[in-house]
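**Student:** File input_16.txt follows (compact mmCIF, C-alpha atoms):
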```txt
# COMPACT_ATOMS: atom_id res chain seq x y z
CA MET A 1 115.21 80.94 46.94
CA LYS A 2 116.83 80.20 50.28
CA LEU A 3 115.31 81.21 53.64
CA LEU A 4 116.71 81.15 57.15
CA PHE A 5 114.82 81.41 60.41
CA ALA A 6 117.46 82.49 62.95
CA ALA A 7 115.82 82.29 66.35
CA ILE A 8 116.48 82.41 70.04
CA GLY A 9 115.10 79.39 71.85
CA LYS A 10 115.05 75.72 70.97
CA ALA A 11 111.80 74.39 69.53
CA LYS A 12 110.40 71.26 71.10
CA ALA A 13 107.81 68.96 69.60
CA SER A 14 104.64 71.04 69.87
CA PRO A 15 101.59 72.10 67.87
CA GLU A 16 103.42 75.34 67.04
CA GLN A 17 106.41 73.47 65.64
CA GLN A 18 104.12 71.21 63.59
CA LEU A 19 102.28 74.23 62.19
CA THR A 20 105.58 75.82 61.18
CA LEU A 21 106.61 72.61 59.43
CA ASP A 22 103.24 72.35 57.68
CA TYR A 23 103.65 75.79 56.11
CA THR A 24 107.35 75.51 55.28
CA LYS A 25 106.71 72.19 53.49
CA ARG A 26 104.28 74.00 51.18
CA LEU A 27 106.99 76.39 50.05
CA PRO A 28 109.11 75.56 46.98
CA TRP A 29 112.02 77.31 48.70
CA LYS A 30 114.69 75.82 50.93
CA VAL A 31 114.00 76.76 54.56
CA GLU A 32 116.55 76.30 57.32
CA CYS A 33 116.13 77.04 61.02
CA ARG A 34 119.08 77.84 63.29
CA GLU A 35 118.31 78.08 66.97
CA PHE A 36 120.37 79.56 69.77
CA ASP A 37 120.14 79.54 73.55
CA VAL A 38 122.09 82.01 75.65
CA LYS A 39 122.25 81.29 79.37
CA LEU A 40 123.46 84.65 80.69
CA GLN A 41 121.62 86.19 83.63
CA ASP A 42 122.22 89.83 82.78
CA GLY A 43 119.49 90.94 80.33
CA VAL A 44 121.56 93.54 78.47
CA GLU A 45 124.55 91.23 78.08
CA ARG A 46 122.28 88.33 77.04
CA LYS A 47 120.53 90.46 74.39
CA GLU A 48 123.86 91.59 72.92
CA ARG A 49 125.20 88.02 72.83
CA GLU A 50 121.97 86.79 71.21
CA GLY A 51 122.34 89.51 68.59
CA GLU A 52 125.90 88.44 67.80
CA LEU A 53 124.82 84.82 67.34
CA LEU A 54 121.82 85.71 65.22
CA LEU A 55 123.84 87.99 62.94
CA SER A 56 126.61 85.42 62.58
CA ALA A 57 124.03 82.94 61.28
CA CYS A 58 122.95 85.45 58.62
CA LYS A 59 126.35 86.27 57.12
CA THR A 60 125.73 84.55 53.78
CA TYR A 61 122.20 85.91 53.30
CA GLU A 62 121.53 88.89 51.04
CA LYS A 63 118.62 90.36 53.01
CA ILE A 64 118.06 90.37 56.76
CA ILE A 65 114.54 90.84 58.09
CA ALA A 66 114.26 91.40 61.84
CA LEU A 67 110.92 90.57 63.39
CA ASP A 68 110.42 93.29 65.97
CA GLU A 69 107.36 94.72 67.67
CA SER A 70 108.49 98.26 66.84
CA GLY A 71 109.10 97.38 63.19
CA LYS A 72 107.10 98.36 60.14
CA LEU A 73 103.53 97.12 59.96
CA LEU A 74 102.95 95.55 56.55
CA SER A 75 99.85 93.95 55.12
CA SER A 76 100.31 90.53 53.55
CA ARG A 77 100.20 92.11 50.09
CA GLU A 78 102.80 94.74 51.10
CA PHE A 79 105.10 92.06 52.46
CA ALA A 80 104.68 89.98 49.29
CA LYS A 81 105.45 93.05 47.17
CA THR A 82 108.61 93.78 49.20
CA LEU A 83 109.78 90.19 48.86
CA GLY A 84 108.94 90.17 45.14
CA ASN A 85 110.79 93.45 44.55
CA TRP A 86 113.88 92.10 46.28
CA GLN A 87 113.71 88.97 44.13
CA GLN A 88 113.39 91.05 40.95
CA GLN A 89 116.48 93.00 42.03
CA GLY A 90 118.40 89.73 42.21
CA SER A 91 118.19 88.75 45.88
CA SER A 92 117.59 85.07 46.47
CA SER A 93 118.49 84.50 50.12
CA PHE A 94 116.60 85.95 53.07
CA ALA A 95 117.28 85.62 56.79
CA PHE A 96 114.47 86.22 59.26
CA ILE A 97 115.59 87.00 62.80
CA ILE A 98 113.43 86.19 65.81
CA GLY A 99 114.82 87.49 69.08
CA GLY A 100 114.49 86.32 72.64
CA SER A 101 112.21 87.51 75.42
CA ASP A 102 114.18 90.75 75.79
CA GLY A 103 113.85 91.61 72.10
CA LEU A 104 116.58 92.33 69.57
CA SER A 105 119.79 94.24 70.12
CA GLY A 106 120.25 97.62 68.49
CA ASN A 107 123.02 96.13 66.35
CA VAL A 108 120.61 93.60 64.83
CA LEU A 109 118.08 96.32 64.06
CA LYS A 110 120.79 98.49 62.45
CA LYS A 111 121.97 95.67 60.18
CA ALA A 112 118.48 94.59 59.15
CA HIS A 113 117.22 95.60 55.72
CA LEU A 114 113.72 95.57 57.20
CA ALA A 115 112.40 95.57 60.75
CA TRP A 116 108.97 93.97 60.39
CA SER A 117 106.22 93.87 63.00
CA LEU A 118 103.61 91.12 62.94
CA GLY A 119 101.34 93.45 64.91
CA ARG A 120 101.36 95.40 68.12
CA VAL A 121 100.43 92.45 70.31
CA THR A 122 103.09 90.27 71.91
CA TRP A 123 103.41 86.75 70.49
CA PRO A 124 105.15 83.76 72.08
CA HIS A 125 108.47 83.24 70.30
CA MET A 126 107.61 79.73 69.13
CA LEU A 127 104.31 80.94 67.66
CA VAL A 128 106.13 83.72 65.76
CA ARG A 129 107.85 81.02 63.71
CA SER A 130 104.44 79.64 62.69
CA LEU A 131 103.13 83.11 61.86
CA LEU A 132 106.24 83.83 59.80
CA ALA A 133 105.98 80.53 57.92
CA GLU A 134 102.31 81.21 57.12
CA GLN A 135 103.07 84.75 55.89
CA LEU A 136 105.86 83.43 53.67
CA TYR A 137 103.49 80.88 52.16
CA ARG A 138 100.88 83.62 51.74
CA ALA A 139 103.47 85.86 50.03
CA TYR A 140 104.42 83.00 47.72
CA SER A 141 100.71 82.51 46.93
CA ILE A 142 100.19 86.21 46.22
CA LEU A 143 103.26 86.41 43.99
CA ASN A 144 102.11 83.36 42.03
CA ASN A 145 98.40 84.24 41.81
CA HIS A 146 97.48 81.17 43.85
CA PRO A 147 93.98 81.28 45.38
CA TYR A 148 95.22 80.76 48.98
CA HIS A 149 95.15 84.52 49.59
CA ARG A 150 91.78 86.13 49.11
CA ASP A 151 91.09 89.84 49.33
```
Represent the structure from my file as structure tokens, please.

**Tutor:**
Amino acid sequence: MKLLFAAIGKAKASPEQQLTLDYTKRLPWKVECREFDVKLQDGVERKEREGELLLSACKTYEKIIALDESGKLLSSREFAKTLGNWQQQGSSSFAFIIGGSDGLSGNVLKKAHLAWSLGRVTWPHMLVRSLLAEQLYRAYSILNNHPYHRD
């Protein structure tokens, strides 16, 4: 399986980045991160340009998952089941989109196969990467009956 984290903002050496690396290294899947910075002042124009860049990074991926605060709330088991169902249907490449401080453009949300919320609280964008990496490892554990996830 091939995963992409397409994100706005460049990660710097930090505890959050290390945590993301710790979880992605546990996965047997190839994980790539593509980062973008858009330096436009106008918020609407910046959000649209970010959306274009994020979607362009996802062109070769079969499923696009947009992380968005207004997205669907899924338990870890529900997320694992969704991922497992997609795999059983033949999908093997998944792009996860993490927007900038203004959120995701409508175009990104329209093209996404799933808009997924990590909860109703606001998370720093660099921490979202760590949360995503942990949930992917948890999903892998659930799908493979590994004891990491406990009910």

**Student:** Might you pull out every residue within 10 Å of Pro28 (chain A), with all atoms listed in the file counted and same-chain residues fewer than 6 positions away left off, and present them as a PyMOL selection string?

**Tutor:** chain A and resi 1-2+137+140

**Student:** Box along x, y and z, 8 Å on every side, all listed atoms of region 101-111 of chain A inside: centre and edge lengths in Å to one decimal, as lines of an AutoDock Vina configuration file.

**Tutor:**
```
center_x = 117.6
center_y = 93.0
center_z = 68.0
size_x = 26.8
size_y = 27.0
size_z = 31.6
```

**Student:** Between A:Gly71, A:Gly99, A:Gly51, A:Gly84, which one has atoms that come closest to Phe5 (chain A), using all atoms listed in the file?

**Tutor:**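 When distances to Phe5 (chain A) are compared using all atoms listed in the file, the smallest one comes from A:Gly99.
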
**Student:** Given only C-alpha atoms as the basis, pick out the residue of A:Lys110, A:Arg129, A:Arg150, A:Lys12 nearest to Glu32 (chain A).

**Tutor:** A:Arg129

**Student:** Determine the nearest neighbour of Gly90 (chain A) from the options A:Leu114, A:Gln17, A:Glu62, A:Leu136, counting only C-alpha atoms.

**Tutor:** A:Glu62
